[in-house]
file my_file_36.cif (mmCIF, C-alpha atoms)
data_query
#
loop_
_atom_site.label_atom_id
_atom_site.label_comp_id
_atom_site.auth_asym_id
_atom_site.auth_seq_id
_atom_site.Cartn_x
_atom_site.Cartn_y
_atom_site.Cartn_z
CA MET A 1 215.43 130.68 64.17
CA LEU A 2 214.55 127.02 63.72
CA THR A 3 217.28 124.39 63.44
CA THR A 4 217.40 121.83 60.62
CA ASP A 5 216.17 119.17 63.03
CA GLU A 6 213.28 121.36 64.16
CA LEU A 7 212.27 122.07 60.57
CA GLU A 8 212.09 118.34 59.97
CA ARG A 9 210.47 117.44 63.29
CA TYR A 10 207.66 119.99 62.93
CA GLU A 11 207.35 119.86 59.14
CA ARG A 12 203.76 118.56 59.13
CA GLN A 13 202.49 121.43 61.26
CA ILE A 14 204.68 124.06 59.60
CA ILE A 15 202.97 123.27 56.29
CA ILE A 16 199.54 124.02 57.78
CA GLU A 17 198.08 127.09 56.10
CA LYS A 18 198.86 130.25 58.14
CA PHE A 19 201.06 128.27 60.59
CA GLY A 20 204.40 128.27 58.85
CA GLU A 21 207.90 128.62 60.26
CA GLU A 22 206.79 131.85 61.89
CA GLY A 23 204.17 129.96 63.91
CA GLN A 24 206.70 127.36 64.93
CA GLU A 25 209.10 130.06 66.06
CA LYS A 26 206.33 131.58 68.18
CA LEU A 27 205.77 128.18 69.79
CA LYS A 28 209.48 127.86 70.43
CA ARG A 29 209.50 131.17 72.28
CA ALA A 30 206.42 130.34 74.40
CA LYS A 31 206.58 129.52 78.10
CA VAL A 32 203.62 127.45 79.30
CA PHE A 33 202.60 126.80 82.90
CA ILE A 34 200.67 123.57 83.49
CA ALA A 35 198.78 123.58 86.79
CA GLY A 36 198.29 119.90 87.57
CA ALA A 37 199.95 116.66 86.45
CA GLY A 38 196.81 114.49 86.50
CA GLY A 39 194.47 113.52 83.68
CA LEU A 40 194.20 116.91 82.00
CA GLY A 41 197.83 117.75 82.71
CA SER A 42 198.94 114.50 81.07
CA ALA A 43 197.11 115.17 77.81
CA THR A 44 197.93 118.87 77.55
CA SER A 45 201.61 118.50 78.41
CA ILE A 46 202.17 115.60 76.01
CA TYR A 47 200.66 117.46 73.05
CA LEU A 48 202.31 120.77 73.86
CA MET A 49 205.68 119.03 74.18
CA ALA A 50 205.09 117.28 70.87
CA ALA A 51 204.10 120.58 69.24
CA GLY A 52 207.37 122.15 70.36
CA VAL A 53 206.61 124.88 72.87
CA GLY A 54 209.82 126.43 74.14
CA MET A 55 209.49 125.96 77.86
CA MET A 56 207.04 124.25 80.17
CA ARG A 57 206.65 124.17 83.94
CA ILE A 58 204.38 121.50 85.41
CA VAL A 59 203.26 121.84 89.01
CA ASP A 60 201.58 119.29 91.29
CA HIS A 61 201.89 118.12 94.89
CA ASP A 62 200.52 114.58 94.67
CA ARG A 63 202.15 111.20 94.41
CA VAL A 64 201.09 108.61 91.86
CA GLU A 65 198.48 106.13 93.09
CA LEU A 66 197.17 102.99 91.44
CA SER A 67 193.73 104.57 91.08
CA ASN A 68 195.25 107.38 88.95
CA LEU A 69 196.36 105.08 86.18
CA ASN A 70 193.05 104.77 84.32
CA ARG A 71 193.41 108.34 83.07
CA GLN A 72 196.74 109.96 84.01
CA ILE A 73 198.67 108.59 81.09
CA LEU A 74 201.98 110.19 82.05
CA HIS A 75 202.12 107.83 85.02
CA TRP A 76 202.64 104.09 84.69
CA ASP A 77 202.67 101.06 87.02
CA GLU A 78 206.34 101.54 87.85
CA ASP A 79 205.65 105.13 89.02
CA ILE A 80 203.31 104.32 91.90
CA GLY A 81 204.53 106.21 94.96
CA LYS A 82 206.65 108.70 92.98
CA LEU A 83 205.88 112.39 92.88
CA LYS A 84 203.66 113.05 89.87
CA VAL A 85 205.93 115.85 88.72
CA ASP A 86 208.97 113.54 88.75
CA SER A 87 207.10 110.86 86.84
CA ALA A 88 205.84 113.47 84.35
CA LEU A 89 209.27 115.02 83.91
CA GLU A 90 210.86 111.69 83.09
CA LYS A 91 208.34 110.85 80.34
CA LEU A 92 208.11 114.32 78.86
CA LYS A 93 211.91 114.67 78.60
CA ARG A 94 211.98 111.45 76.59
CA LEU A 95 209.21 112.72 74.32
CA ASN A 96 210.99 115.85 73.12
CA LYS A 97 214.51 116.83 74.13
CA GLY A 98 214.10 120.17 72.40
CA VAL A 99 211.67 121.50 74.99
CA GLU A 100 212.94 122.90 78.25
CA ILE A 101 210.84 121.41 81.02
CA GLU A 102 210.74 122.08 84.71
CA ALA A 103 208.80 120.09 87.31
CA THR A 104 207.83 121.78 90.56
CA GLU A 105 206.41 119.96 93.56
CA ALA A 106 204.07 122.48 95.14
CA THR A 107 200.55 123.00 96.36
CA ILE A 108 199.26 126.07 94.59
CA THR A 109 198.04 128.63 97.12
CA GLU A 110 197.27 132.33 97.23
CA ALA A 111 200.66 132.81 98.88
CA ASN A 112 202.77 131.19 96.17
CA VAL A 113 200.74 131.41 92.97
CA SER A 114 202.14 134.72 91.75
CA GLN A 115 205.69 133.52 92.15
CA LEU A 116 204.92 130.18 90.47
CA VAL A 117 203.33 131.68 87.36
CA ALA A 118 205.65 134.70 87.05
CA ASP A 119 207.37 134.93 83.66
CA PHE A 120 205.00 132.47 81.99
CA ASP A 121 203.01 133.41 78.90
CA LEU A 122 200.06 131.08 79.43
CA ILE A 123 198.51 128.93 82.13
CA VAL A 124 196.75 125.61 81.55
CA ASP A 125 194.12 124.90 84.20
CA ALA A 126 194.50 121.16 84.70
CA MET A 127 193.57 121.09 88.37
CA ASP A 128 191.06 118.95 90.23
CA ASN A 129 189.23 121.35 92.53
CA LEU A 130 187.44 124.66 92.22
CA PRO A 131 189.04 126.54 95.15
CA THR A 132 192.52 126.18 93.61
CA ARG A 133 191.16 126.94 90.16
CA TYR A 134 189.78 130.21 91.56
CA VAL A 135 193.20 131.04 93.04
CA VAL A 136 194.85 130.51 89.66
CA ASN A 137 192.06 132.38 87.84
CA LYS A 138 192.62 135.42 90.04
CA ALA A 139 196.38 135.30 89.61
CA ALA A 140 196.06 134.95 85.84
CA LEU A 141 193.81 138.01 85.72
CA GLU A 142 196.11 140.05 87.97
CA ARG A 143 199.17 139.17 85.91
CA ASN A 144 197.38 139.41 82.56
CA ILE A 145 198.16 135.80 81.62
CA PRO A 146 195.68 133.87 79.43
CA LEU A 147 194.15 130.87 81.19
CA PHE A 148 192.99 127.72 79.43
CA HIS A 149 190.31 126.04 81.53
CA GLY A 150 189.32 122.39 81.43
CA ALA A 151 187.32 120.17 83.78
CA VAL A 152 185.91 116.65 83.70
CA TYR A 153 183.30 114.51 85.42
CA GLY A 154 182.49 111.00 84.23
CA PHE A 155 182.05 111.10 80.47
CA GLU A 156 181.52 114.87 80.51
CA GLY A 157 184.18 117.47 79.96
CA ARG A 158 184.29 121.24 79.58
CA ALA A 159 186.69 123.79 78.23
CA MET A 160 186.86 127.56 78.00
CA THR A 161 189.60 130.05 77.17
CA ILE A 162 190.05 133.16 79.30
CA ILE A 163 191.84 136.29 78.08
CA PRO A 164 192.23 138.74 81.00
CA GLY A 165 190.46 142.05 80.53
CA GLN A 166 188.74 140.85 77.38
CA THR A 167 186.61 137.82 78.14
CA ALA A 168 184.55 136.13 80.82
CA CYS A 169 186.71 134.50 83.48
CA LEU A 170 186.23 131.33 85.52
CA ARG A 171 184.51 133.30 88.27
CA CYS A 172 182.05 134.76 85.74
CA LEU A 173 181.24 131.16 84.82
CA TYR A 174 181.04 129.65 88.30
CA ARG A 175 180.17 131.44 91.53
CA GLY A 176 179.86 128.62 94.03
CA VAL A 177 181.90 125.59 94.95
CA PHE A 178 181.06 122.02 94.06
CA PRO A 179 181.02 119.72 97.10
CA GLN A 180 184.38 117.96 97.46
CA GLU A 181 184.09 114.35 96.46
CA LYS A 182 185.93 111.59 94.68
CA PHE A 183 184.89 112.48 91.15
CA PRO A 184 184.08 109.71 88.67
CA VAL A 185 185.99 109.78 85.37
CA ILE A 186 186.95 107.61 82.44
CA GLY A 187 190.38 108.31 80.95
CA VAL A 188 189.14 109.31 77.52
CA THR A 189 187.35 112.37 78.94
CA PRO A 190 190.46 114.24 80.15
CA ALA A 191 192.17 113.07 76.96
CA VAL A 192 189.53 114.82 74.83
CA ILE A 193 189.42 117.95 76.98
CA GLY A 194 193.20 118.12 77.46
CA CYS A 195 193.60 117.98 73.68
CA ILE A 196 191.08 120.81 73.30
CA GLN A 197 193.02 122.89 75.85
CA ALA A 198 196.29 122.16 74.05
CA THR A 199 194.67 123.13 70.74
CA GLU A 200 193.58 126.44 72.23
CA VAL A 201 197.08 127.08 73.60
CA ILE A 202 198.67 126.40 70.21
CA LYS A 203 196.14 128.61 68.39
CA TYR A 204 196.67 131.43 70.87
CA ILE A 205 200.46 131.29 70.56
CA VAL A 206 200.50 131.00 66.78
CA GLY A 207 197.71 133.55 66.40
CA ILE A 208 195.35 131.56 64.19
CA GLY A 209 191.76 130.42 64.41
CA GLU A 210 188.96 131.47 66.72
CA LEU A 211 189.48 130.99 70.43
CA LEU A 212 186.98 129.40 72.80
CA THR A 213 186.40 132.70 74.56
CA ASN A 214 183.05 133.64 76.11
CA ARG A 215 181.97 130.14 75.13
CA LEU A 216 181.80 127.10 77.37
CA LEU A 217 182.28 123.96 75.30
CA ILE A 218 180.71 120.86 76.80
CA PHE A 219 181.69 117.40 75.60
CA ASP A 220 179.16 114.66 76.29
CA GLY A 221 180.98 111.41 75.66
CA LEU A 222 177.93 109.25 76.36
CA ASP A 223 175.75 110.81 73.68
CA MET A 224 178.88 111.81 71.71
CA LYS A 225 177.82 115.41 71.36
CA PHE A 226 179.47 118.78 71.78
CA LYS A 227 177.36 121.70 72.94
CA GLU A 228 178.34 125.33 73.38
CA PHE A 229 177.00 127.82 75.92
CA LYS A 230 177.49 131.58 75.81
CA VAL A 231 179.28 133.01 78.84
CA LYS A 232 179.21 136.75 79.42
CA LYS A 233 181.80 138.78 81.29
CA ASP A 234 180.06 139.65 84.56
CA PRO A 235 180.51 143.38 85.37
CA SER A 236 180.13 142.55 89.07
CA CYS A 237 182.52 139.57 88.98
CA GLU A 238 184.67 139.62 92.11
CA HIS A 239 187.72 138.54 90.12
CA CYS A 240 187.52 140.43 86.84
CA GLY A 241 184.73 142.99 87.25
CA HIS A 242 187.27 145.75 87.89
CA LEU A 243 189.22 145.07 84.71
CA VAL A 244 188.45 147.38 81.83
CA THR A 245 187.21 145.45 78.83
CA LYS A 246 189.58 145.75 75.90
CA GLU A 247 188.24 145.47 72.35
CA MET B 1 154.05 125.17 72.78
CA SER B 2 155.89 124.11 75.92
CA ILE B 3 159.44 124.67 77.11
CA LYS B 4 162.04 121.96 76.77
CA VAL B 5 164.33 121.10 79.70
CA ASN B 6 167.48 119.09 79.02
CA ILE B 7 168.12 116.89 82.05
CA PRO B 8 171.79 116.42 82.91
CA TYR B 9 173.08 112.87 83.16
CA LEU B 10 173.53 113.23 86.91
CA LEU B 11 169.79 113.83 87.38
CA GLN B 12 168.40 111.42 84.85
CA TYR B 13 167.94 108.76 87.53
CA LEU B 14 165.32 111.13 88.99
CA THR B 15 163.43 111.42 85.69
CA ASN B 16 163.14 107.70 85.03
CA GLY B 17 166.08 107.97 82.67
CA GLY B 18 164.46 110.74 80.67
CA LYS B 19 166.92 113.12 79.00
CA VAL B 20 164.36 115.76 78.09
CA ALA B 21 161.18 117.02 79.78
CA GLU B 22 158.47 119.35 78.58
CA VAL B 23 157.36 122.03 81.05
CA ASN B 24 155.23 125.16 81.18
CA GLY B 25 155.88 128.44 82.94
CA SER B 26 156.69 132.08 82.39
CA THR B 27 159.93 132.09 84.39
CA VAL B 28 162.80 129.68 84.92
CA GLY B 29 161.56 129.10 88.48
CA GLU B 30 158.05 128.19 87.33
CA CYS B 31 159.45 125.81 84.75
CA LEU B 32 161.62 124.05 87.31
CA LYS B 33 158.69 123.83 89.73
CA HIS B 34 156.65 122.23 86.96
CA LEU B 35 159.49 119.83 86.34
CA ALA B 36 159.47 118.93 90.04
CA GLU B 37 155.72 118.34 89.89
CA GLN B 38 156.28 115.77 87.17
CA PHE B 39 159.30 114.23 88.88
CA PRO B 40 158.98 114.95 92.64
CA LEU B 41 162.33 113.38 93.53
CA ILE B 42 164.16 116.02 91.49
CA GLU B 43 163.03 118.91 93.71
CA LYS B 44 165.72 118.39 96.37
CA ALA B 45 168.37 118.20 93.67
CA LEU B 46 167.36 121.61 92.32
CA PHE B 47 166.31 123.71 95.29
CA ASP B 48 167.72 124.29 98.76
CA GLU B 49 165.61 124.49 101.93
CA HIS B 50 164.82 128.14 101.19
CA GLY B 51 163.55 127.38 97.71
CA LYS B 52 166.64 128.86 96.07
CA LEU B 53 168.52 127.20 93.27
CA ILE B 54 171.28 124.92 94.62
CA SER B 55 174.50 126.97 94.58
CA TYR B 56 176.44 124.63 92.33
CA LEU B 57 173.79 124.61 89.61
CA ASP B 58 173.41 127.03 86.75
CA ILE B 59 170.46 127.32 84.42
CA TYR B 60 170.96 128.27 80.82
CA VAL B 61 168.11 129.56 78.65
CA ASN B 62 168.67 129.04 74.95
CA GLU B 63 172.36 128.43 75.75
CA GLU B 64 172.77 131.69 77.69
CA SER B 65 173.16 131.83 81.46
CA ALA B 66 170.06 132.82 83.42
CA TYR B 67 172.33 134.48 86.02
CA PRO B 68 171.78 136.87 87.76
CA GLU B 69 167.99 136.66 87.42
CA GLU B 70 168.13 132.87 87.67
CA LEU B 71 164.73 131.62 88.83
CA GLY B 72 163.09 134.94 87.97
CA LYS B 73 164.31 135.03 84.39
CA PRO B 74 161.36 135.20 81.97
CA VAL B 75 160.95 132.43 79.43
CA LYS B 76 158.53 131.87 76.57
CA PRO B 77 157.12 128.86 74.76
CA GLY B 78 159.71 127.25 72.52
CA ASP B 79 162.62 128.18 74.79
CA GLU B 80 165.09 125.51 75.86
CA LEU B 81 166.54 125.18 79.37
CA ASP B 82 169.74 123.41 80.38
CA ILE B 83 170.61 122.51 83.96
CA LEU B 84 174.38 122.59 84.40
CA PHE B 85 176.27 121.24 87.38
CA MET B 86 179.61 122.77 88.19
CA ILE B 87 182.31 120.22 87.56
CA ASP B 88 185.89 120.43 88.71
CA GLY B 89 187.62 117.12 88.09
CA GLY B 90 190.97 117.06 86.36
#
call {"tool": "encode", "arguments": {"input": "my_file_36.cif", "output": "structure tokens"}}
result
Amino acid sequence: MLTTDELERYERQIIIEKFGEEGQEKLKRAKVFIAGAGGLGSATSIYLMAAGVGMMRIVDHDRVELSNLNRQILHWDEDIGKLKVDSALEKLKRLNKGVEIEATEATITEANVSQLVADFDLIVDAMDNLPTRYVVNKAALERNIPLFHGAVYGFEGRAMTIIPGQTACLRCLYRGVFPQEKFPVIGVTPAVIGCIQATEVIKYIVGIGELLTNRLLIFDGLDMKFKEFKVKKDPSCEHCGHLVTKE
Amino acid sequence: MSIKVNIPYLLQYLTNGGKVAEVNGSTVGECLKHLAEQFPLIEKALFDEHGKLISYLDIYVNEESAYPEELGKPVKPGDELDILFMIDGG
């Protein structure tokens, strides 16, 4: 049941066709796990807080550095040296007091991932390296939790939505590992992709629209184009090949 | 009619800034070899020392992944290839 304040706060989205109070109530009940408090994590968490999800946990192990500030908009000059999750928590609490938020300082590993994501309805992939993304992908599949993938490089960004047992997963999309490097990026790229991930999360929770499943969306900020590639569920995928496809 | 290859931004410095190249071939591998004939510097960015596609690249034919056939996947005139790098920044 929505409060009077909530009805007013979310009025403009409640009046969206097929969204309604019922959609807002679904958002209020949703528990979202954000893996990463960097560029993508900043954009997704801000818009999911503003939209009124019920509960959010944001996980990261880094501290804020000066070189983060061109894109990680949750972190400001005064936050340099703080844990990213503490900096994020402080801003997000001020954005919307109605959302329960939890910040966890942790490095996501195979050993702790199941415990970290337990009891969450959705996972936002806002990480910055493929090995950890694969760890989270596997855990999401094992626990049957939808995963909302995003990645950026320079002016290019990508997004794809993964529904365990139904759609291609991250391992169907990528099989190797990109060489570790300091990746180039302009802040607007994770902003665009993070907003796409947040849009997918909201659509999934509310149950409207067509999800970005089995489709890799590529944003090319330099030529200002979006392009879509078909991604098929790989029957021999080492992460999801054993899962029976549900219609 | 030839086959169009969209060159990713990361490799455009190897094609004199060109975003698109026209190639001929009956498989993805032949097309990429033809691309490398036109722009020799691109060869090392596409193939490893065994002539296999670099592991962090994926080729899409008409917006569908060429995996698992990859270099052996048949193509026909009018097809369009995309070379995609894995990216993982956040």
call {"tool": "residues_around", "arguments": {"input": "my_file_36.cif", "residues": "Arg175 in chain A", "least_positions_apart": "3", "cutoff": "10 Å", "atoms": "all atoms listed in the file", "output": "PyMOL selection string"}}
result
(chain A and resi 130+134+170-172+178+237-238) or (chain B and resi 55-58+86)
call {"tool": "residues_around", "arguments": {"input": "my_file_36.cif", "residues": "Gly89 in chain B", "least_positions_apart": "4", "cutoff": "12 Å", "atoms": "only C-alpha atoms", "output": "JSON, numbers by chain"}}
result
{"A": [36, 38, 39, 40, 41, 71, 125, 126, 127, 128, 129, 130, 131, 132, 133, 149, 150, 151, 152, 153, 154, 155, 156, 157, 158, 159, 178, 179, 180, 181, 182, 183, 184, 185, 186, 187, 189, 190, 193]}
call {"tool": "residues_around", "arguments": {"input": "my_file_36.cif", "residues": "range 78-86 of chain A", "least_positions_apart": "3", "cutoff": "12 Å", "atoms": "all atoms listed in the file", "output": "ChimeraX atom specification"}}
result
/A:34-39,41-42,45,57-69,72-75,89-93,101-107
call {"tool": "interface_residues", "arguments": {"input": "my_file_36.cif", "of": "chain B", "to": "chain A", "cutoff": "12 Å", "atoms": "all atoms listed in the file", "output": "PyMOL selection string"}}
result
chain B and resi 6+8-10+19+53-68+81-90
call {"tool": "write_last_selection", "arguments": {"input": "my_file_36.cif", "atoms": "C-alpha atoms", "output": "mmCIF file, in the frame of the given file"}}
result
data_model
loop_
_atom_site.group_PDB
_atom_site.id
_atom_site.type_symbol
_atom_site.label_atom_id
_atom_site.label_comp_id
_atom_site.auth_asym_id
_atom_site.auth_seq_id
_atom_site.Cartn_x
_atom_site.Cartn_y
_atom_site.Cartn_z
ATOM 1 C CA ASN B 6 167.480 119.090 79.020
ATOM 2 C CA PRO B 8 171.790 116.420 82.910
ATOM 3 C CA TYR B 9 173.080 112.870 83.160
ATOM 4 C CA LEU B 10 173.530 113.230 86.910
ATOM 5 C CA LYS B 19 166.920 113.120 79.000
ATOM 6 C CA LEU B 53 168.520 127.200 93.270
ATOM 7 C CA ILE B 54 171.280 124.920 94.620
ATOM 8 C CA SER B 55 174.500 126.970 94.580
ATOM 9 C CA TYR B 56 176.440 124.630 92.330
ATOM 10 C CA LEU B 57 173.790 124.610 89.610
ATOM 11 C CA ASP B 58 173.410 127.030 86.750
ATOM 12 C CA ILE B 59 170.460 127.320 84.420
ATOM 13 C CA TYR B 60 170.960 128.270 80.820
ATOM 14 C CA VAL B 61 168.110 129.560 78.650
ATOM 15 C CA ASN B 62 168.670 129.040 74.950
ATOM 16 C CA GLU B 63 172.360 128.430 75.750
ATOM 17 C CA GLU B 64 172.770 131.690 77.690
ATOM 18 C CA SER B 65 173.160 131.830 81.460
ATOM 19 C CA ALA B 66 170.060 132.820 83.420
ATOM 20 C CA TYR B 67 172.330 134.480 86.020
ATOM 21 C CA PRO B 68 171.780 136.870 87.760
ATOM 22 C CA LEU B 81 166.540 125.180 79.370
ATOM 23 C CA ASP B 82 169.740 123.410 80.380
ATOM 24 C CA ILE B 83 170.610 122.510 83.960
ATOM 25 C CA LEU B 84 174.380 122.590 84.400
ATOM 26 C CA PHE B 85 176.270 121.240 87.380
ATOM 27 C CA MET B 86 179.610 122.770 88.190
ATOM 28 C CA ILE B 87 182.310 120.220 87.560
ATOM 29 C CA ASP B 88 185.890 120.430 88.710
ATOM 30 C CA GLY B 89 187.620 117.120 88.090
ATOM 31 C CA GLY B 90 190.970 117.060 86.360
#
call {"tool": "atom_distance", "arguments": {"input": "my_file_36.cif", "atom1": "CA of Leu116 in chain A", "atom2": "CA of Ile145 in chain A"}}
result
12.5 Å
call {"tool": "closest_residue", "arguments": {"input": "my_file_36.cif", "among": "A:Lys203, A:Lys138, A:Lys97, A:Lys225", "to": "His239 in chain A", "atoms": "all atoms listed in the file"}}
result
A:Lys138
call {"tool": "resolve_selection", "arguments": {"input": "my_file_36.cif", "expression": "the PyMOL selection byres ((chain A and resi 1) around 12)", "output": "list in words"}}
result
Leu2, Thr3, Thr4, Asp5, Glu6, Leu7, Glu21, Glu22, Gly23, Gln24, Glu25, Lys26, Leu27, Lys28 and Arg29 of chain A
call {"tool": "write_last_selection", "arguments": {"input": "my_file_36.cif", "atoms": "C-alpha atoms", "output": "mmCIF file, keeping the file's coordinate frame"}}
result
data_model
loop_
_atom_site.group_PDB
_atom_site.id
_atom_site.type_symbol
_atom_site.label_atom_id
_atom_site.label_comp_id
_atom_site.auth_asym_id
_atom_site.auth_seq_id
_atom_site.Cartn_x
_atom_site.Cartn_y
_atom_site.Cartn_z
ATOM 1 C CA LEU A 2 214.550 127.020 63.720
ATOM 2 C CA THR A 3 217.280 124.390 63.440
ATOM 3 C CA THR A 4 217.400 121.830 60.620
ATOM 4 C CA ASP A 5 216.170 119.170 63.030
ATOM 5 C CA GLU A 6 213.280 121.360 64.160
ATOM 6 C CA LEU A 7 212.270 122.070 60.570
ATOM 7 C CA GLU A 21 207.900 128.620 60.260
ATOM 8 C CA GLU A 22 206.790 131.850 61.890
ATOM 9 C CA GLY A 23 204.170 129.960 63.910
ATOM 10 C CA GLN A 24 206.700 127.360 64.930
ATOM 11 C CA GLU A 25 209.100 130.060 66.060
ATOM 12 C CA LYS A 26 206.330 131.580 68.180
ATOM 13 C CA LEU A 27 205.770 128.180 69.790
ATOM 14 C CA LYS A 28 209.480 127.860 70.430
ATOM 15 C CA ARG A 29 209.500 131.170 72.280
#
call {"tool": "atom_distance", "arguments": {"input": "my_file_36.cif", "atom1": "CA of Ala191 in chain A", "atom2": "CA of Leu217 in chain A"}}
result
14.8 Å
call {"tool": "atom_distance", "arguments": {"input": "my_file_36.cif", "atom1": "CA of Ile163 in chain A", "atom2": "CA of Asn137 in chain A"}}
result
10.5 Å
